[in-house]
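The block underneath contains the structure these notes are about, expressed in structure tokens.
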There are 2 protein chains.
Amino acid sequence: MPKTRTKSKFREYLLTQGLKSTQQRELILEEFLRAGSHLSTEDLYLRLRKKNPRIGYATVHRTLKLFAECGIAEQRHFGDGQARYEASDQGEHHDHLICVTCGRIVEFEDPRIEQLQDEVAAEHGFSIERHRLELYGSCSSCRQA
Amino acid sequence: MPKTRTKSKFREYLLTQGLKSTQQRELILEEFLRAGSHLSTEDLYLRLRKKNPRIGYATVHRTLKLFAECGIAEQRHFGDGQARYEASDQGEHHDHLICVTCGRIVEFEDPRIEQLQDEVAAEHGFSIERHRLELYGSCSSCRQA
DNA sequence: CTGCTATTGATAATCATTTTCATGGAATGG
DNA sequence: CCATTCCATGAAAATGATTATCAATAGCAG
């Protein structure tokens with residue numbers, strides 16, 4: 001999704017919820033889209049502070065939650081104890097490969113796995129809303145080292 | 001794995017690590033095995049307090065970590081903010097179905113999914129050490145209600 | 001512009017987890 | 001059997017991430 005569309009989607013969400021479009025929220029969204037994915041609240045906070053020291057951690061945190069609420073970002077937990085957010089590609093789901101040595105995160109998608117997940121869930125009488133699949137291991141460069 | 005074997009495995013681990021077999025560690029292991037799986041530290045702590053009020057939270061916490069270290073338990077995170085532990089079936093891996101309504105947790109295993117995971121990882125040059133697969137949805141009883 | 005209300009940001013509170021540290025206990029070597 | 005050493009324990013405090021509080025500020029509608 002192009003950045004401009006993400007921005008209008010966010011503004012629209014604010015409108016429909018009776019929330020206000022503020023300078024901070026614009027700045028935070030701007031930086032969130034500029035920076036790579038899988039940022040923690042702190043990552044983003046620090047990046048923002050460099051450009052504008054007058055921005056609070058709480059605001060970054062609240063705004064990221066807003067992003068998640070309106071569907072332009074998703075929260076993730078990779079086991080290092082802090083939440084990370086990534087821009088969501090609108091219905092495009094993907095899973096993650098995480099290198100336990102260097103921390104590199106690679107996204108992937110496999111419809112066959114998704115298909116099997118649905119089957120397994122059905123066998124147990126479940127209907128799936130969402131899932132989480134993370135593969136932890138070593139990437140090729142770390143194995144060579 | 002039978003409980004008695006788990007206990008000896010734990011005692012053996014303590015020995016090889018130069019650690020001591022204590023009354024508390026025995027009690028905690030006993031209760032951990034008695035109680036169902038997927039217990040949080042606090043769950044176990046509260047259960048233990050009922051029988052023996054002279055046991056500290058920190059000890060339960062430390063002992064659960066010991067269980068994980070020696071391979072008789074595994075730590076899990078299901079997104080409710082607290083770690084849970086389950087007895088590990090010695091190499092037998094399984095994944096989880098979690099009902100988002102009632103919180104019920106069902107274990108499952110599917111070699112076809114595991115196989116595909118390995119393939120996908122290989123395509124990206126990764127060699128997998130472990131993985132996490134959780135399916136969140138509604139169980140049949142919650143959907144009927 | 002005015003007033004109402006949401007937002008902000010510094011700070012404090014919370015929650016789970018982890019560390020600290022003085023005390024107690026287990027095992028080992030005299 | 002005793003002493004010594006070192007580990008374990010548990011109460012309390014520290015930590016780290018997240019969330020709530022609240023007075024001051026800033027959007028937005030009229």
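For the structure tokens, the naming scheme is as follows: chains receive sequential letters (A, B, ...) according to their order of presentation, residues are indexed from 1 within each chain, and ligands are indexed from 1 in presentation order.
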Q: Write out as a PyMOL selection string which residues come within 7 Å of His131 (chain A) when counting only C-alpha atoms (C1' of nucleotides), dropping same-chain ones fewer than 6 positions away.
A: chain B and resi 134-136
Same residues, N, CA and C atoms, saved as a PDB file, in the first residue's frame:
ATOM      1  N   GLU B 134       1.054 -20.963  16.627  1.00  0.00           N
ATOM      2  CA  GLU B 134      -0.146 -20.853  17.447  1.00  0.00           C
ATOM      3  C   GLU B 134      -1.311 -20.417  16.584  1.00  0.00           C
ATOM      4  N   LEU B 135      -2.409 -21.126  16.736  1.00  0.00           N
ATOM      5  CA  LEU B 135      -3.612 -20.784  15.978  1.00  0.00           C
ATOM      6  C   LEU B 135      -4.645 -20.237  16.949  1.00  0.00           C
ATOM      7  N   TYR B 136      -5.078 -19.021  16.716  1.00  0.00           N
ATOM      8  CA  TYR B 136      -6.050 -18.382  17.602  1.00  0.00           C
ATOM      9  C   TYR B 136      -7.409 -18.333  16.912  1.00  0.00           C
TER      10      TYR B 136
END
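The residue set within 12 Å of Gln75 (chain A), counting only C-alpha atoms (C1' of nucleotides) and dropping same-chain residues fewer than 3 places from it, reads Ser37, His38, Leu39, Ser40, Thr41, His61, Leu64, Lys65, Leu66, Phe67, Ala68, Glu69, Gly71, Ile72, Phe78, Gln82, Ala83, Arg84, Tyr85, Glu86, Ala87, Ser88 and Arg132 of chain A; Gly79 of chain B.
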How would chain A read as a short mmCIF file (atom, residue, chain, number, x, y, z; two decimals) with N, CA and C atoms, in the first residue's frame after a least-squares superposition onto chain B over every Cα atom, matched in order?
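The resulting file, selection.cif, is shown below:
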data_model
loop_
_atom_site.label_atom_id
_atom_site.label_comp_id
_atom_site.auth_asym_id
_atom_site.auth_seq_id
_atom_site.Cartn_x
_atom_site.Cartn_y
_atom_site.Cartn_z
N MET A 1 6.50 -39.34 29.19
CA MET A 1 7.55 -39.78 30.13
C MET A 1 6.93 -39.93 31.52
N PRO A 2 7.16 -41.08 32.17
CA PRO A 2 6.59 -41.27 33.51
C PRO A 2 7.20 -40.27 34.50
N LYS A 3 6.40 -39.96 35.52
CA LYS A 3 6.83 -38.93 36.47
C LYS A 3 8.12 -39.31 37.18
N THR A 4 8.24 -40.58 37.51
CA THR A 4 9.45 -40.99 38.23
C THR A 4 10.70 -40.77 37.39
N ARG A 5 10.56 -40.98 36.10
CA ARG A 5 11.73 -40.78 35.25
C ARG A 5 12.07 -39.30 35.14
N THR A 6 11.02 -38.48 35.06
CA THR A 6 11.27 -37.04 35.02
C THR A 6 12.00 -36.60 36.27
N LYS A 7 11.58 -37.14 37.40
CA LYS A 7 12.23 -36.77 38.65
C LYS A 7 13.69 -37.17 38.67
N SER A 8 13.97 -38.38 38.22
CA SER A 8 15.39 -38.79 38.26
C SER A 8 16.20 -37.97 37.27
N LYS A 9 15.58 -37.61 36.16
CA LYS A 9 16.30 -36.80 35.18
C LYS A 9 16.67 -35.45 35.81
N PHE A 10 15.74 -34.94 36.57
CA PHE A 10 15.99 -33.64 37.22
C PHE A 10 17.11 -33.77 38.25
N ARG A 11 17.03 -34.80 39.08
CA ARG A 11 18.07 -34.99 40.10
C ARG A 11 19.43 -35.18 39.46
N GLU A 12 19.43 -35.91 38.38
CA GLU A 12 20.69 -36.15 37.67
C GLU A 12 21.27 -34.83 37.16
N TYR A 13 20.38 -34.01 36.62
CA TYR A 13 20.82 -32.72 36.10
C TYR A 13 21.44 -31.89 37.21
N LEU A 14 20.79 -31.87 38.35
CA LEU A 14 21.31 -31.11 39.49
C LEU A 14 22.71 -31.60 39.85
N LEU A 15 22.86 -32.92 39.91
CA LEU A 15 24.15 -33.51 40.26
C LEU A 15 25.25 -33.05 39.30
N THR A 16 24.99 -33.24 38.02
CA THR A 16 26.02 -32.91 37.02
C THR A 16 26.36 -31.43 37.02
N GLN A 17 25.43 -30.59 37.47
CA GLN A 17 25.69 -29.15 37.48
C GLN A 17 26.22 -28.67 38.83
N GLY A 18 26.44 -29.61 39.73
CA GLY A 18 26.92 -29.22 41.06
C GLY A 18 25.86 -28.47 41.85
N LEU A 19 24.60 -28.74 41.52
CA LEU A 19 23.52 -28.08 42.26
C LEU A 19 22.95 -29.05 43.28
N LYS A 20 22.17 -28.51 44.18
CA LYS A 20 21.69 -29.35 45.27
C LYS A 20 20.24 -29.76 45.11
N SER A 21 19.95 -30.93 45.57
CA SER A 21 18.58 -31.39 45.57
C SER A 21 17.95 -30.95 46.89
N THR A 22 16.99 -30.08 46.78
CA THR A 22 16.40 -29.54 48.00
C THR A 22 14.94 -29.92 48.12
N GLN A 23 14.42 -29.70 49.31
CA GLN A 23 13.02 -30.01 49.57
C GLN A 23 12.10 -29.19 48.66
N GLN A 24 12.41 -27.90 48.53
CA GLN A 24 11.58 -27.04 47.69
C GLN A 24 11.55 -27.52 46.24
N ARG A 25 12.72 -27.84 45.73
CA ARG A 25 12.78 -28.25 44.33
C ARG A 25 11.97 -29.52 44.12
N GLU A 26 12.02 -30.41 45.09
CA GLU A 26 11.24 -31.63 44.98
C GLU A 26 9.75 -31.32 45.00
N LEU A 27 9.38 -30.44 45.92
CA LEU A 27 7.97 -30.07 46.04
C LEU A 27 7.46 -29.41 44.76
N ILE A 28 8.27 -28.51 44.25
CA ILE A 28 7.85 -27.78 43.06
C ILE A 28 7.71 -28.71 41.87
N LEU A 29 8.65 -29.62 41.72
CA LEU A 29 8.56 -30.57 40.61
C LEU A 29 7.32 -31.46 40.77
N GLU A 30 7.12 -31.92 41.99
CA GLU A 30 5.96 -32.75 42.31
C GLU A 30 4.67 -32.06 41.86
N GLU A 31 4.52 -30.83 42.30
CA GLU A 31 3.29 -30.09 41.99
C GLU A 31 3.20 -29.76 40.51
N PHE A 32 4.33 -29.45 39.93
CA PHE A 32 4.35 -29.13 38.49
C PHE A 32 3.85 -30.33 37.69
N LEU A 33 4.26 -31.50 38.07
CA LEU A 33 3.84 -32.70 37.33
C LEU A 33 2.39 -33.06 37.62
N ARG A 34 1.96 -32.78 38.85
CA ARG A 34 0.59 -33.10 39.20
C ARG A 34 -0.39 -32.18 38.45
N ALA A 35 -0.08 -30.91 38.47
CA ALA A 35 -0.97 -29.93 37.85
C ALA A 35 -0.95 -30.09 36.33
N GLY A 36 -2.00 -29.64 35.70
CA GLY A 36 -2.05 -29.70 34.25
C GLY A 36 -0.97 -28.82 33.64
N SER A 37 -0.86 -28.88 32.36
CA SER A 37 0.18 -28.11 31.68
C SER A 37 -0.23 -26.65 31.50
N HIS A 38 0.66 -25.90 30.91
CA HIS A 38 0.41 -24.49 30.59
C HIS A 38 0.16 -23.63 31.82
N LEU A 39 0.91 -23.90 32.87
CA LEU A 39 0.77 -23.10 34.09
C LEU A 39 1.72 -21.92 34.05
N SER A 40 1.25 -20.81 34.56
CA SER A 40 2.14 -19.67 34.74
C SER A 40 2.87 -19.84 36.06
N THR A 41 3.94 -19.07 36.24
CA THR A 41 4.67 -19.12 37.49
C THR A 41 3.73 -18.87 38.66
N GLU A 42 2.84 -17.91 38.47
CA GLU A 42 1.93 -17.57 39.55
C GLU A 42 0.95 -18.69 39.87
N ASP A 43 0.40 -19.31 38.81
CA ASP A 43 -0.47 -20.46 39.01
C ASP A 43 0.18 -21.46 39.95
N LEU A 44 1.39 -21.84 39.58
CA LEU A 44 2.08 -22.87 40.35
C LEU A 44 2.39 -22.39 41.75
N TYR A 45 2.81 -21.15 41.84
CA TYR A 45 3.12 -20.56 43.15
C TYR A 45 1.91 -20.64 44.07
N LEU A 46 0.75 -20.26 43.56
CA LEU A 46 -0.46 -20.27 44.38
C LEU A 46 -0.84 -21.68 44.81
N ARG A 47 -0.73 -22.62 43.89
CA ARG A 47 -1.03 -24.01 44.24
C ARG A 47 -0.11 -24.49 45.34
N LEU A 48 1.15 -24.14 45.24
CA LEU A 48 2.13 -24.60 46.23
C LEU A 48 1.89 -23.96 47.60
N ARG A 49 1.51 -22.68 47.56
CA ARG A 49 1.27 -21.98 48.82
C ARG A 49 0.20 -22.65 49.66
N LYS A 50 -0.80 -23.20 48.99
CA LYS A 50 -1.89 -23.84 49.73
C LYS A 50 -1.37 -24.99 50.58
N LYS A 51 -0.43 -25.71 50.05
CA LYS A 51 0.09 -26.87 50.78
C LYS A 51 1.24 -26.49 51.70
N ASN A 52 2.02 -25.54 51.25
CA ASN A 52 3.19 -25.16 52.02
C ASN A 52 3.44 -23.66 51.89
N PRO A 53 2.94 -22.90 52.85
CA PRO A 53 3.02 -21.44 52.75
C PRO A 53 4.45 -20.91 52.81
N ARG A 54 5.36 -21.77 53.21
CA ARG A 54 6.73 -21.31 53.34
C ARG A 54 7.51 -21.55 52.05
N ILE A 55 7.02 -20.99 50.99
CA ILE A 55 7.73 -21.14 49.72
C ILE A 55 7.63 -19.82 48.98
N GLY A 56 8.74 -19.39 48.44
CA GLY A 56 8.78 -18.05 47.85
C GLY A 56 8.54 -18.04 46.35
N TYR A 57 8.01 -16.95 45.88
CA TYR A 57 7.74 -16.80 44.46
C TYR A 57 9.03 -16.95 43.66
N ALA A 58 10.08 -16.32 44.19
CA ALA A 58 11.36 -16.34 43.48
C ALA A 58 11.86 -17.77 43.30
N THR A 59 11.63 -18.59 44.29
CA THR A 59 12.10 -19.97 44.21
C THR A 59 11.33 -20.73 43.14
N VAL A 60 10.04 -20.50 43.08
CA VAL A 60 9.24 -21.15 42.04
C VAL A 60 9.74 -20.71 40.67
N HIS A 61 9.95 -19.43 40.54
CA HIS A 61 10.43 -18.89 39.28
C HIS A 61 11.78 -19.49 38.88
N ARG A 62 12.71 -19.52 39.84
CA ARG A 62 14.04 -20.06 39.54
C ARG A 62 13.98 -21.55 39.21
N THR A 63 13.11 -22.24 39.90
CA THR A 63 13.03 -23.68 39.69
C THR A 63 12.42 -23.99 38.33
N LEU A 64 11.44 -23.21 37.93
CA LEU A 64 10.87 -23.43 36.61
C LEU A 64 11.92 -23.20 35.53
N LYS A 65 12.77 -22.20 35.75
CA LYS A 65 13.85 -21.99 34.79
C LYS A 65 14.80 -23.18 34.75
N LEU A 66 15.03 -23.75 35.91
CA LEU A 66 15.86 -24.97 35.98
C LEU A 66 15.22 -26.09 35.16
N PHE A 67 13.92 -26.25 35.32
CA PHE A 67 13.22 -27.29 34.57
C PHE A 67 13.44 -27.10 33.08
N ALA A 68 13.32 -25.85 32.66
CA ALA A 68 13.50 -25.57 31.24
C ALA A 68 14.93 -25.87 30.81
N GLU A 69 15.89 -25.50 31.65
CA GLU A 69 17.30 -25.74 31.32
C GLU A 69 17.60 -27.21 31.13
N CYS A 70 17.01 -28.04 31.99
CA CYS A 70 17.36 -29.45 31.92
C CYS A 70 16.42 -30.22 31.00
N GLY A 71 15.51 -29.49 30.37
CA GLY A 71 14.72 -30.13 29.32
C GLY A 71 13.47 -30.85 29.77
N ILE A 72 13.08 -30.69 31.02
CA ILE A 72 11.85 -31.37 31.42
C ILE A 72 10.63 -30.46 31.32
N ALA A 73 10.87 -29.20 31.01
CA ALA A 73 9.74 -28.28 30.81
C ALA A 73 10.11 -27.30 29.70
N GLU A 74 9.07 -26.68 29.16
CA GLU A 74 9.31 -25.66 28.15
C GLU A 74 8.52 -24.41 28.47
N GLN A 75 9.13 -23.29 28.20
CA GLN A 75 8.46 -22.03 28.44
C GLN A 75 7.68 -21.62 27.20
N ARG A 76 6.49 -21.08 27.44
CA ARG A 76 5.67 -20.62 26.32
C ARG A 76 5.12 -19.23 26.62
N HIS A 77 4.82 -18.51 25.56
CA HIS A 77 4.15 -17.21 25.71
C HIS A 77 2.95 -17.20 24.80
N PHE A 78 1.78 -17.00 25.36
CA PHE A 78 0.58 -16.99 24.53
C PHE A 78 -0.02 -15.60 24.41
N GLY A 79 0.76 -14.60 24.70
CA GLY A 79 0.29 -13.25 24.42
C GLY A 79 -0.53 -12.62 25.53
N ASP A 80 -0.71 -13.31 26.65
CA ASP A 80 -1.44 -12.68 27.73
C ASP A 80 -0.46 -12.03 28.70
N GLY A 81 0.79 -11.95 28.28
CA GLY A 81 1.76 -11.21 29.08
C GLY A 81 2.50 -12.02 30.12
N GLN A 82 2.09 -13.24 30.35
CA GLN A 82 2.89 -14.01 31.29
C GLN A 82 3.33 -15.35 30.72
N ALA A 83 4.52 -15.75 31.15
CA ALA A 83 5.10 -16.99 30.65
C ALA A 83 4.37 -18.19 31.24
N ARG A 84 4.26 -19.23 30.47
CA ARG A 84 3.66 -20.46 30.94
C ARG A 84 4.64 -21.60 30.69
N TYR A 85 4.55 -22.61 31.52
CA TYR A 85 5.44 -23.76 31.37
C TYR A 85 4.63 -25.02 31.15
N GLU A 86 5.17 -25.89 30.32
CA GLU A 86 4.51 -27.19 30.15
C GLU A 86 5.57 -28.28 30.19
N ALA A 87 5.19 -29.43 30.72
CA ALA A 87 6.10 -30.57 30.76
C ALA A 87 6.42 -30.95 29.32
N SER A 88 7.68 -31.20 29.04
CA SER A 88 8.03 -31.51 27.65
C SER A 88 8.13 -33.01 27.45
N ASP A 89 7.54 -33.45 26.35
CA ASP A 89 7.47 -34.87 26.08
C ASP A 89 8.69 -35.35 25.31
N GLN A 90 9.84 -34.88 25.74
CA GLN A 90 11.07 -35.48 25.24
C GLN A 90 11.12 -35.61 23.72
N GLY A 91 11.39 -34.53 23.05
CA GLY A 91 11.52 -34.64 21.60
C GLY A 91 10.20 -34.55 20.87
N GLU A 92 9.13 -34.89 21.54
CA GLU A 92 7.82 -34.77 20.94
C GLU A 92 7.41 -33.32 20.88
N HIS A 93 7.42 -32.78 19.69
CA HIS A 93 7.02 -31.38 19.59
C HIS A 93 5.53 -31.28 19.32
N HIS A 94 4.93 -30.23 19.82
CA HIS A 94 3.56 -29.98 19.42
C HIS A 94 3.29 -28.48 19.41
N ASP A 95 2.23 -28.12 18.71
CA ASP A 95 1.84 -26.72 18.61
C ASP A 95 0.53 -26.51 19.34
N HIS A 96 -0.02 -25.29 19.25
CA HIS A 96 -1.18 -24.99 20.08
C HIS A 96 -2.32 -24.30 19.34
N LEU A 97 -3.51 -24.73 19.70
CA LEU A 97 -4.73 -24.05 19.31
C LEU A 97 -5.24 -23.34 20.55
N ILE A 98 -5.50 -22.05 20.45
CA ILE A 98 -5.95 -21.30 21.62
C ILE A 98 -7.30 -20.67 21.33
N CYS A 99 -8.26 -20.93 22.19
CA CYS A 99 -9.57 -20.31 22.02
C CYS A 99 -9.53 -18.91 22.60
N VAL A 100 -9.83 -17.92 21.76
CA VAL A 100 -9.72 -16.54 22.21
C VAL A 100 -10.87 -16.16 23.13
N THR A 101 -11.90 -17.00 23.18
CA THR A 101 -13.03 -16.68 24.04
C THR A 101 -12.86 -17.27 25.44
N CYS A 102 -12.65 -18.59 25.51
CA CYS A 102 -12.60 -19.22 26.82
C CYS A 102 -11.18 -19.51 27.28
N GLY A 103 -10.20 -19.33 26.40
CA GLY A 103 -8.82 -19.53 26.81
C GLY A 103 -8.35 -20.98 26.77
N ARG A 104 -9.21 -21.86 26.34
CA ARG A 104 -8.84 -23.27 26.27
C ARG A 104 -7.65 -23.45 25.32
N ILE A 105 -6.75 -24.32 25.72
CA ILE A 105 -5.56 -24.57 24.91
C ILE A 105 -5.54 -26.04 24.50
N VAL A 106 -5.49 -26.29 23.21
CA VAL A 106 -5.45 -27.65 22.70
C VAL A 106 -4.11 -27.85 22.00
N GLU A 107 -3.49 -28.99 22.25
CA GLU A 107 -2.21 -29.26 21.60
C GLU A 107 -2.44 -30.08 20.34
N PHE A 108 -1.62 -29.84 19.35
CA PHE A 108 -1.69 -30.67 18.15
C PHE A 108 -0.31 -30.81 17.55
N GLU A 109 -0.25 -31.72 16.59
CA GLU A 109 1.01 -31.95 15.93
C GLU A 109 0.71 -32.30 14.49
N ASP A 110 1.47 -31.76 13.57
CA ASP A 110 1.23 -32.10 12.17
C ASP A 110 2.55 -32.14 11.41
N PRO A 111 2.99 -33.33 11.10
CA PRO A 111 4.28 -33.50 10.43
C PRO A 111 4.32 -32.81 9.07
N ARG A 112 3.17 -32.72 8.43
CA ARG A 112 3.16 -32.08 7.10
C ARG A 112 3.52 -30.61 7.23
N ILE A 113 2.99 -29.98 8.28
CA ILE A 113 3.33 -28.57 8.48
C ILE A 113 4.82 -28.42 8.79
N GLU A 114 5.32 -29.29 9.63
CA GLU A 114 6.74 -29.22 10.00
C GLU A 114 7.61 -29.37 8.74
N GLN A 115 7.20 -30.30 7.91
CA GLN A 115 7.93 -30.54 6.67
C GLN A 115 7.99 -29.28 5.80
N LEU A 116 6.83 -28.65 5.66
CA LEU A 116 6.78 -27.43 4.84
C LEU A 116 7.61 -26.32 5.47
N GLN A 117 7.62 -26.26 6.77
CA GLN A 117 8.41 -25.24 7.45
C GLN A 117 9.89 -25.39 7.08
N ASP A 118 10.35 -26.63 7.12
CA ASP A 118 11.75 -26.88 6.76
C ASP A 118 12.04 -26.45 5.33
N GLU A 119 11.10 -26.76 4.46
CA GLU A 119 11.30 -26.40 3.05
C GLU A 119 11.40 -24.88 2.90
N VAL A 120 10.45 -24.19 3.51
CA VAL A 120 10.44 -22.73 3.39
C VAL A 120 11.73 -22.14 3.95
N ALA A 121 12.15 -22.66 5.10
CA ALA A 121 13.37 -22.15 5.72
C ALA A 121 14.56 -22.36 4.80
N ALA A 122 14.64 -23.55 4.21
CA ALA A 122 15.75 -23.87 3.32
C ALA A 122 15.78 -22.90 2.14
N GLU A 123 14.61 -22.58 1.62
CA GLU A 123 14.54 -21.64 0.50
C GLU A 123 15.18 -20.30 0.84
N HIS A 124 15.11 -19.95 2.13
CA HIS A 124 15.68 -18.67 2.55
C HIS A 124 17.06 -18.85 3.19
N GLY A 125 17.62 -20.04 3.04
CA GLY A 125 18.97 -20.26 3.56
C GLY A 125 19.03 -20.43 5.06
N PHE A 126 17.89 -20.64 5.69
CA PHE A 126 17.88 -20.80 7.14
C PHE A 126 17.92 -22.28 7.52
N SER A 127 18.53 -22.54 8.65
CA SER A 127 18.39 -23.87 9.23
C SER A 127 17.69 -23.68 10.58
N ILE A 128 16.57 -24.37 10.73
CA ILE A 128 15.68 -24.11 11.87
C ILE A 128 16.11 -24.85 13.13
N GLU A 129 16.09 -24.15 14.22
CA GLU A 129 16.35 -24.78 15.50
C GLU A 129 15.04 -25.14 16.20
N ARG A 130 14.14 -24.19 16.13
CA ARG A 130 12.86 -24.42 16.78
C ARG A 130 11.82 -23.54 16.09
N HIS A 131 10.58 -23.77 16.41
CA HIS A 131 9.57 -22.89 15.84
C HIS A 131 8.43 -22.73 16.82
N ARG A 132 7.59 -21.81 16.47
CA ARG A 132 6.42 -21.57 17.29
C ARG A 132 5.23 -21.39 16.37
N LEU A 133 4.22 -22.19 16.58
CA LEU A 133 3.01 -22.07 15.76
C LEU A 133 1.82 -22.05 16.70
N GLU A 134 1.08 -20.98 16.64
CA GLU A 134 -0.12 -20.87 17.46
C GLU A 134 -1.29 -20.42 16.60
N LEU A 135 -2.40 -21.13 16.75
CA LEU A 135 -3.60 -20.79 16.00
C LEU A 135 -4.62 -20.24 16.99
N TYR A 136 -5.06 -19.03 16.76
CA TYR A 136 -6.02 -18.40 17.65
C TYR A 136 -7.39 -18.35 16.97
N GLY A 137 -8.40 -18.78 17.70
CA GLY A 137 -9.74 -18.77 17.12
C GLY A 137 -10.77 -19.14 18.17
N SER A 138 -11.92 -19.65 17.72
CA SER A 138 -12.96 -20.04 18.67
C SER A 138 -13.16 -21.54 18.63
N CYS A 139 -13.27 -22.11 19.80
CA CYS A 139 -13.55 -23.54 19.85
C CYS A 139 -15.04 -23.75 19.62
N SER A 140 -15.43 -25.01 19.38
CA SER A 140 -16.81 -25.28 18.98
C SER A 140 -17.82 -24.84 20.04
N SER A 141 -17.51 -25.10 21.32
CA SER A 141 -18.49 -24.73 22.35
C SER A 141 -18.67 -23.21 22.44
N CYS A 142 -17.60 -22.47 22.23
CA CYS A 142 -17.74 -21.02 22.31
C CYS A 142 -18.48 -20.47 21.09
N ARG A 143 -18.36 -21.13 19.96
CA ARG A 143 -19.06 -20.64 18.77
C ARG A 143 -20.57 -20.85 18.90
N GLN A 144 -20.93 -21.94 19.57
CA GLN A 144 -22.37 -22.23 19.73
C GLN A 144 -23.04 -21.26 20.69
N ALA A 145 -22.28 -20.81 21.67
CA ALA A 145 -22.86 -19.94 22.71
C ALA A 145 -23.26 -18.59 22.15
#
Q) Taking only C-alpha atoms (C1' of nucleotides) into account, which of C:DT28, C:DT7, C:DT23, C:DT14 comes nearest DC2 (chain D)? A) C:DT28
Q: From region 34-100 of chain A, collect each residue whose DSSP state is strand (DSSP E) and return the set as number ranges by chain.
A: A: 39-40, 73-77, 83-87, 95-99
How close does chain C get to chain A? List, as a Markdown table, each residue of chain C within 12 Å, its nearest atom pair and the distance in Å to one decimal, counting only C-alpha atoms (C1' of nucleotides).
| residue | atom | partner | partner_atom | distance |
| --- | --- | --- | --- | --- |
| C:DT5 | C1' | A:Leu19 | CA | 10.0 |
| C:DA6 | C1' | A:Lys20 | CA | 6.9 |
| C:DT7 | C1' | A:Lys20 | CA | 8.0 |
| C:DT8 | C1' | A:Thr59 | CA | 7.0 |
| C:DG9 | C1' | A:Gly56 | CA | 5.0 |
| C:DA10 | C1' | A:Gly56 | CA | 8.1 |
| C:DT11 | C1' | A:Ala58 | CA | 10.8 |
| C:DA16 | C1' | A:Gly81 | CA | 10.8 |
| C:DT17 | C1' | A:Gly81 | CA | 10.5 |
Proximity check chain D to chain B, 8 Å, nearest pairs one decimal Å, only C-alpha atoms (C1' of nucleotides), as CSV:
residue,atom,partner,partner_atom,distance
D:DC7,C1',B:Lys20,CA,7.0
D:DA8,C1',B:Lys20,CA,7.9
D:DT9,C1',B:Thr59,CA,7.0
D:DG10,C1',B:Gly56,CA,5.0
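Counting only C-alpha atoms (C1' of nucleotides), the residue from D:DA29, D:DA23, D:DA17, D:DA12 that sits nearest to DT19 (chain C) is D:DA12.
What separates C1' of DG24 (chain C) from C1' of DC1 (chain D) is a distance of 19.8 Å.
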Q. Can you tell me, as number ranges by chain, what residues are no more than 12 Å from DA12 (chain C) when counting only C-alpha atoms (C1' of nucleotides), ignoring any on the same chain fewer than 5 positions away?
A. D: 19-22
**Q.** Residues near DG29 (chain C), cut-off 12 Å, only C-alpha atoms (C1' of nucleotides), skip fewer than 5 positions along chain, as an MDAnalysis selection string
**A.** chainID D and resid 2:5
Q. If you count only C-alpha atoms (C1' of nucleotides), which residues fall within 12 Å of DT2 (chain C), apart from same-chain ones fewer than 2 positions away, as a PyMOL selection string?
A. (chain C and resi 4) or (chain D and resi 28-30)
Residues just named, written with N, CA, C and O atoms (P, O5', C5', C4', C3', O3' and C1' of nucleotides) as a CSV table (one decimal), in the first residue's frame:
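And here's result-v8.csv as it stands now:
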chain,number,residue,atom,x,y,z
C,4,DC,P,-18.0,25.5,27.3
C,4,DC,O5',-17.7,24.1,26.7
C,4,DC,C5',-18.4,23.8,25.5
C,4,DC,C4',-17.6,22.6,24.8
C,4,DC,C3',-17.2,21.5,25.8
C,4,DC,O3',-17.7,20.3,25.2
C,4,DC,C1',-15.4,22.2,24.5
D,28,DC,P,-8.0,19.0,13.5
D,28,DC,O5',-9.5,19.4,13.9
D,28,DC,C5',-10.2,18.7,14.8
D,28,DC,C4',-11.5,19.4,15.2
D,28,DC,C3',-12.2,20.1,14.0
D,28,DC,O3',-13.6,19.7,14.1
D,28,DC,C1',-12.0,21.6,15.8
D,29,DA,P,-14.5,19.9,12.8
D,29,DA,O5',-15.8,20.4,13.5
D,29,DA,C5',-16.2,19.8,14.7
D,29,DA,C4',-17.2,20.8,15.4
D,29,DA,C3',-18.2,21.5,14.5
D,29,DA,O3',-19.4,21.5,15.1
D,29,DA,C1',-16.9,23.1,15.6
D,30,DG,P,-20.7,22.1,14.2
D,30,DG,O5',-20.9,23.5,14.9
D,30,DG,C5',-21.1,23.5,16.4
D,30,DG,C4',-21.1,25.0,16.8
D,30,DG,C3',-22.0,25.9,16.0
D,30,DG,O3',-22.7,26.8,16.9
D,30,DG,C1',-19.8,26.8,16.0
Q. How many Å lie between C1' of DA13 (chain C) and C1' of DA24 (chain D), rounded to one decimal?
A. 20.7 Å
